[in-house]
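Colleague: Below: one structure in structure tokens.
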Amino acid sequence: MASDETTMDKIVSLCKRRGFIFPSSEIYGGINGFWDYGPLGVELKRNIKDAWWHDMVVCPPPGPGGQEITIVGVDCALIMNPRVWETSGHLSEGFADPMVDCRSCKGRFRADKVWLVAWVIKDDPENYRNPPVVKGVEAESEQEALGQATLSKSKEKKLPDGSEKVAAPLENARGIGWPPVCPGCGAPDLTPPRAFNLMFKTYVGALEESSSVAYLRPETAQGMFVNFKNIVDTQRVRVPFGIAQIGKAFRNEINPRNFTFRSREFEQMEMEFFCRPDTAREWYDFWCDARLKWYTDLWISPDKLRQRVQDDDERAHYSVATTDIEYLYPFSDEPQELEGVAHRNVDANHDVGAHQKASGKDLTYYDDEAKQRYHPHVIEPASGVDRFALVALCEAYHEQDIVGAKGKPETRVFMRLHPRLAPIKAAVFPLVKRDGMPERALAIYHAIRRHYPAFYDEKGAIGRRYARQDEAGTPFCFTVDGQTAQDGTVTVRWRDTLEQERIDASRCLDYVRDQLTGDPPGTRGAERTP
Ligand SMILES: [Zn+2]
């Protein structure tokens, strides 16, 4: 029976089964926080990046007043001069998580995620300070901590009358006097919190010494800031304009989790939009809405997306205002981050201003209309390729009860990916492997694959072939059958509705192209990169 619920287990299993995503170096037991994309996954990721690049750099949406927007691209090195990270604040505690280590089992935990749960008599101060039982757990909230810590019936019986279960964050628990119990092994042996920098450290050149230390970039944004002057000097761009980059970034997350949601190696799609300070608010609002619309245009349901303005205490040190675009992932009851749109600080201590101070190079912009020299403000929509791939997969997963080939009820699994994101755009089948059908089908397949990823399959029952393409998210299947030889038509079967129509065999390529450009079938409109 099909159930409405899309669970992470179903997504992870489909990703493995169909070759979207595998654990990295799996034959050696994998490595926590790293993932490999398989043949379908790599196409999905490429389509996401192509769609973003097209819609942000090649052909951005019109601005708030309908004006044309200019955005140029860069592709910067993964390893930059370490002074970049000094200046950006990534080497300071602002980019460090407070961690506690267990002296006993050597486990390492984020200090703000450790809770102690004790069974106490609340109005007995002596008992409260020295409870008979204290447990350590990792949890996001008091509720979760209380739920995680349990006692066996027999232990519960031994507690003094009137004992209650109480949870406190590790930080407060130390104040009360409760022992710092390890969530891993239960030993009361956690160290005080220490700052742990999230950047991966390496050495450049032959010598492993402090002067050769470098870091894998933890974000792509700084590459755009340090190239600001190069872009202004060489590209004849005028404020407002954007610099965009897609590339890998690395963070040594302590607790990678939820499949690819929090990984140690990930790919970012970031754009720094430089604008006149007095227009920054308008551009911030514009990009918040434009970015949300980008996702709904790619069939992410508006019900599962929301914009959430970050509170003062959660905003990064560089940000004046940030709106997260959040998605309701199957692993959480609350929507979680997909993209952040930040209005970044541009005073002398941040971004271009800070790089000017640290490098001694004049990085101001001369506005020849306003006859003014200034640091433009920056609006930064920052999205993750892997995160959007996960969202697209979760959103696409559908189960449907159907009557199978032998009249038995079956569950059909299909991935309702937007045609622009679908790894394979079309599959071509001969109904049977004779009567000239394979030759006709191959001709159609060869015509399509010159332009789009396509798949040819002549083996097995046609129902099984359709089912495999449904799970891969292929939007259309073209089938050559007995009628093709007579009138030159083939059937097109739609993945989502199972509807079939007959079209002329010569129109298959146009048919695929029309679906990708968003024009109604048969009306070839402006070309658009998928
Ligand atoms: Zn331990």
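Labels used: A, B, ... for chains in the order of the structure tokens, numbers from 1 for residues in each chain, and numbers from 1 for ligands as shown.
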With a distance cut-off of 6 Å and only C-alpha atoms, select the neighbouring residues of stretch 429-438 of chain A, excluding the residue or stretch itself and same-chain residues fewer than 5 positions from it, and output the selection as a PyMOL selection string.

Modeller: chain A and resi 457-458+479-481

Colleague: So which residues of stretch 102-203 of chain A fall under alpha helix (DSSP H) by DSSP, listed as a list in words?

Modeller: Pro125, Glu126, Asn127, Tyr128, Arg129, Glu142, Gln143, Glu144, Ala145, Leu146, Gly147, Gln148, Lys153, Ser154, Lys155, Glu156, Lys157, Lys158, Leu170, Glu171, Asn172, Ala173, Arg174, Gly175 and Ile176 of chain A

Colleague: Deliver the residues from the most recent selection as a file, using N, CA and C atoms, as an mmCIF file, in the first residue's frame.

Modeller:
```cif
data_model
loop_
_atom_site.group_PDB
_atom_site.id
_atom_site.type_symbol
_atom_site.label_atom_id
_atom_site.label_comp_id
_atom_site.auth_asym_id
_atom_site.auth_seq_id
_atom_site.Cartn_x
_atom_site.Cartn_y
_atom_site.Cartn_z
ATOM 1 N N PRO A 125 16.954 20.751 48.390
ATOM 2 C CA PRO A 125 18.174 21.316 47.786
ATOM 3 C C PRO A 125 19.349 20.340 47.790
ATOM 4 N N GLU A 126 19.488 19.582 48.881
ATOM 5 C CA GLU A 126 20.617 18.657 48.995
ATOM 6 C C GLU A 126 20.518 17.562 47.926
ATOM 7 N N ASN A 127 19.313 17.006 47.788
ATOM 8 C CA ASN A 127 19.076 15.980 46.767
ATOM 9 C C ASN A 127 19.240 16.573 45.373
ATOM 10 N N TYR A 128 18.785 17.832 45.201
ATOM 11 C CA TYR A 128 18.835 18.485 43.887
ATOM 12 C C TYR A 128 20.283 18.659 43.421
ATOM 13 N N ARG A 129 21.170 19.008 44.363
ATOM 14 C CA ARG A 129 22.577 19.214 43.996
ATOM 15 C C ARG A 129 23.311 17.891 43.777
ATOM 16 N N GLU A 142 14.961 20.796 25.359
ATOM 17 C CA GLU A 142 14.701 20.206 26.665
ATOM 18 C C GLU A 142 13.759 19.005 26.515
ATOM 19 N N GLN A 143 12.731 19.212 25.676
ATOM 20 C CA GLN A 143 11.743 18.160 25.429
ATOM 21 C C GLN A 143 12.414 16.892 24.909
ATOM 22 N N GLU A 144 13.294 17.092 23.908
ATOM 23 C CA GLU A 144 13.974 15.951 23.308
ATOM 24 C C GLU A 144 14.891 15.281 24.324
ATOM 25 N N ALA A 145 15.554 16.086 25.143
ATOM 26 C CA ALA A 145 16.460 15.531 26.157
ATOM 27 C C ALA A 145 15.686 14.671 27.141
ATOM 28 N N LEU A 146 14.538 15.181 27.600
ATOM 29 C CA LEU A 146 13.727 14.425 28.566
ATOM 30 C C LEU A 146 13.242 13.121 27.943
ATOM 31 N N GLY A 147 12.905 13.178 26.664
ATOM 32 C CA GLY A 147 12.418 11.987 25.973
ATOM 33 C C GLY A 147 13.504 10.934 25.808
ATOM 34 N N GLN A 148 14.740 11.401 25.616
ATOM 35 C CA GLN A 148 15.834 10.459 25.335
ATOM 36 C C GLN A 148 16.325 9.725 26.570
ATOM 37 N N LYS A 153 12.764 0.029 34.797
ATOM 38 C CA LYS A 153 11.744 -0.041 35.859
ATOM 39 C C LYS A 153 12.392 -0.263 37.228
ATOM 40 N N SER A 154 13.384 -1.191 37.250
ATOM 41 C CA SER A 154 13.964 -1.540 38.546
ATOM 42 C C SER A 154 14.740 -0.358 39.123
ATOM 43 N N LYS A 155 15.445 0.383 38.266
ATOM 44 C CA LYS A 155 16.191 1.546 38.767
ATOM 45 C C LYS A 155 15.236 2.632 39.242
ATOM 46 N N GLU A 156 14.133 2.756 38.514
ATOM 47 C CA GLU A 156 13.159 3.781 38.875
ATOM 48 C C GLU A 156 12.598 3.515 40.268
ATOM 49 N N LYS A 157 12.411 2.220 40.574
ATOM 50 C CA LYS A 157 11.846 1.836 41.878
ATOM 51 C C LYS A 157 12.760 2.230 43.027
ATOM 52 N N LYS A 158 14.066 2.257 42.736
ATOM 53 C CA LYS A 158 15.028 2.542 43.808
ATOM 54 C C LYS A 158 15.124 4.029 44.131
ATOM 55 N N LEU A 170 24.095 21.449 29.420
ATOM 56 C CA LEU A 170 25.373 21.168 30.089
ATOM 57 C C LEU A 170 25.923 22.395 30.816
ATOM 58 N N GLU A 171 25.840 23.537 30.136
ATOM 59 C CA GLU A 171 26.369 24.787 30.687
ATOM 60 C C GLU A 171 25.741 25.099 32.055
ATOM 61 N N ASN A 172 24.400 24.972 32.164
ATOM 62 C CA ASN A 172 23.714 25.257 33.431
ATOM 63 C C ASN A 172 23.967 24.160 34.453
ATOM 64 N N ALA A 173 24.055 22.916 33.954
ATOM 65 C CA ALA A 173 24.201 21.779 34.853
ATOM 66 C C ALA A 173 25.492 21.885 35.661
ATOM 67 N N ARG A 174 26.539 22.419 35.010
ATOM 68 C CA ARG A 174 27.801 22.596 35.740
ATOM 69 C C ARG A 174 27.605 23.543 36.909
ATOM 70 N N GLY A 175 26.783 24.588 36.688
ATOM 71 C CA GLY A 175 26.493 25.552 37.744
ATOM 72 C C GLY A 175 25.769 24.902 38.916
ATOM 73 N N ILE A 176 24.846 23.999 38.611
ATOM 74 C CA ILE A 176 24.096 23.320 39.664
ATOM 75 C C ILE A 176 25.008 22.401 40.463
#
```

Colleague: Out of A:Ser301, A:Thr489, A:Gln310, A:Thr279, which residue has the shortest atom-to-atom distance to A:His377 when counting only C-alpha atoms?

Modeller: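 Checking each candidate against A:His377, we get A:Thr279 as the closest.
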
Colleague: Neighbours of ligand 1 within 6 Å, counting only C-alpha atoms and all ligand atoms, as JSON, numbers by chain?

Modeller: {"A": [102, 104, 105, 107, 182, 184, 185, 186, 187]}

Colleague: Write the selection just made, keeping N, CA and C atoms, as a PDB file, in the first residue's frame?

Modeller:
```
ATOM      1  N   CYS A 102      35.244  13.857  25.791  1.00  0.00           N
ATOM      2  CA  CYS A 102      35.145  12.897  26.890  1.00  0.00           C
ATOM      3  C   CYS A 102      36.538  12.324  27.125  1.00  0.00           C
ATOM      4  N   SER A 104      37.243   9.862  28.839  1.00  0.00           N
ATOM      5  CA  SER A 104      37.174   8.409  28.944  1.00  0.00           C
ATOM      6  C   SER A 104      37.081   7.733  27.569  1.00  0.00           C
ATOM      7  N   CYS A 105      36.049   8.108  26.759  1.00  0.00           N
ATOM      8  CA  CYS A 105      35.873   7.402  25.474  1.00  0.00           C
ATOM      9  C   CYS A 105      36.403   8.203  24.291  1.00  0.00           C
ATOM     10  N   GLY A 107      35.154  10.670  22.896  1.00  0.00           N
ATOM     11  CA  GLY A 107      34.076  11.237  22.068  1.00  0.00           C
ATOM     12  C   GLY A 107      34.129  12.763  22.118  1.00  0.00           C
ATOM     13  N   CYS A 182      29.113  11.988  30.071  1.00  0.00           N
ATOM     14  CA  CYS A 182      29.293  11.843  28.619  1.00  0.00           C
ATOM     15  C   CYS A 182      28.059  11.187  27.987  1.00  0.00           C
ATOM     16  N   GLY A 184      28.046   9.695  25.281  1.00  0.00           N
ATOM     17  CA  GLY A 184      28.489   8.495  24.579  1.00  0.00           C
ATOM     18  C   GLY A 184      28.630   7.304  25.517  1.00  0.00           C
ATOM     19  N   CYS A 185      29.503   7.437  26.526  1.00  0.00           N
ATOM     20  CA  CYS A 185      29.841   6.269  27.341  1.00  0.00           C
ATOM     21  C   CYS A 185      29.281   6.357  28.762  1.00  0.00           C
ATOM     22  N   GLY A 186      28.784   7.510  29.166  1.00  0.00           N
ATOM     23  CA  GLY A 186      28.188   7.626  30.497  1.00  0.00           C
ATOM     24  C   GLY A 186      29.175   7.970  31.598  1.00  0.00           C
ATOM     25  N   ALA A 187      30.481   8.107  31.255  1.00  0.00           N
ATOM     26  CA  ALA A 187      31.465   8.486  32.279  1.00  0.00           C
ATOM     27  C   ALA A 187      31.299   9.967  32.631  1.00  0.00           C
TER      28      ALA A 187
END
```

Colleague: One number please: atom CA of A:Arg449 to atom CA of A:Arg416, in Å, one decimal.

Modeller: 21.4 Å

Colleague: Tell me which of A:Leu421, A:Ile121, A:Ala389, A:Cys477 sits closest to A:Ile21, counting only C-alpha atoms.

Modeller: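 Nearest candidate to A:Ile21 out of A:Leu421, A:Ile121, A:Ala389, A:Cys477: A:Ala389.
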
Colleague: Counting only C-alpha atoms, which of A:Val492, A:Met99, A:Cys508, A:Ala485 gets nearest to A:Glu439?

Modeller: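 Ranked by minimum distance to A:Glu439, first place goes to A:Ala485.
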
Colleague: Kindly indicate which residue among A:Lys304, A:Pro256, A:Ala454, A:Tyr318 lies nearest to A:Glu334, using only C-alpha atoms for the distances.

Modeller: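 Comparing A:Lys304, A:Pro256, A:Ala454, A:Tyr318 against A:Glu334, the winner is A:Lys304.
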
Colleague: Calculated over only C-alpha atoms, which of the candidates A:Ser88, A:Val413, A:Lys406, A:Phe250 has the smallest distance to A:Val352?

Modeller: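 Using only C-alpha atoms, the shortest distance to A:Val352 belongs to A:Ser88.
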
Colleague: Measuring between only C-alpha atoms, which one of A:Pro39, A:Gly488, A:Pro381, A:Pro302 shows the shortest distance to A:Ala290?

Modeller: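 Of A:Pro39, A:Gly488, A:Pro381, A:Pro302, the one nearest A:Ala290 is A:Pro381, counting only C-alpha atoms.
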
Colleague: For A:Asn130, list every protein, DNA or RNA residue within 10 Å, evaluated using only C-alpha atoms, and leave out those in the same chain fewer than 5 positions away; present the list as a ChimeraX atom specification.

Modeller: /A:118-120,125,176-179

Colleague: I need the residues from that last selection saved to file as a short mmCIF file (atom, residue, chain, number, x, y, z; two decimals), in the first residue's frame (with N, CA and C atoms), if you can.

Modeller:
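And here is the file that came out, result.cif:
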```
data_model
loop_
_atom_site.label_atom_id
_atom_site.label_comp_id
_atom_site.auth_asym_id
_atom_site.auth_seq_id
_atom_site.Cartn_x
_atom_site.Cartn_y
_atom_site.Cartn_z
N ALA A 118 18.52 14.58 35.16
CA ALA A 118 18.67 14.02 36.51
C ALA A 118 17.31 13.70 37.10
N TRP A 119 17.30 12.72 37.98
CA TRP A 119 16.07 12.39 38.74
C TRP A 119 16.23 12.98 40.12
N VAL A 120 15.43 14.00 40.44
CA VAL A 120 15.63 14.79 41.66
C VAL A 120 14.32 14.99 42.41
N PRO A 125 16.95 20.75 48.39
CA PRO A 125 18.17 21.32 47.79
C PRO A 125 19.35 20.34 47.79
N ILE A 176 24.85 24.00 38.61
CA ILE A 176 24.10 23.32 39.66
C ILE A 176 25.01 22.40 40.46
N GLY A 177 26.01 21.84 39.78
CA GLY A 177 26.92 20.93 40.44
C GLY A 177 26.78 19.50 39.96
N TRP A 178 25.92 19.26 38.98
CA TRP A 178 25.78 17.90 38.45
C TRP A 178 27.04 17.48 37.72
N PRO A 179 27.41 16.19 37.80
CA PRO A 179 28.62 15.74 37.12
C PRO A 179 28.46 15.80 35.60
#
```

Colleague: Neighbours of stretch 398-401 of chain A within 6 Å (only C-alpha atoms; same-chain residues fewer than 6 positions away dropped), as a VMD selection string?

Modeller: chain A and resid 2 410 to 414

Colleague: What are the DSSP strand (DSSP E or B) residues of stretch 65-262 of chain A, as a ChimeraX atom specification?

Modeller: /A:71-73,79,96-102,108-110,114-120,133-138,164-169,190,194-197,201-203,213-216,241-250,257,262

Colleague: What is the atom CA of A:Arg194-atom CA of A:Asn255 distance in Å, reported with one decimal?

Modeller: 15.8 Å
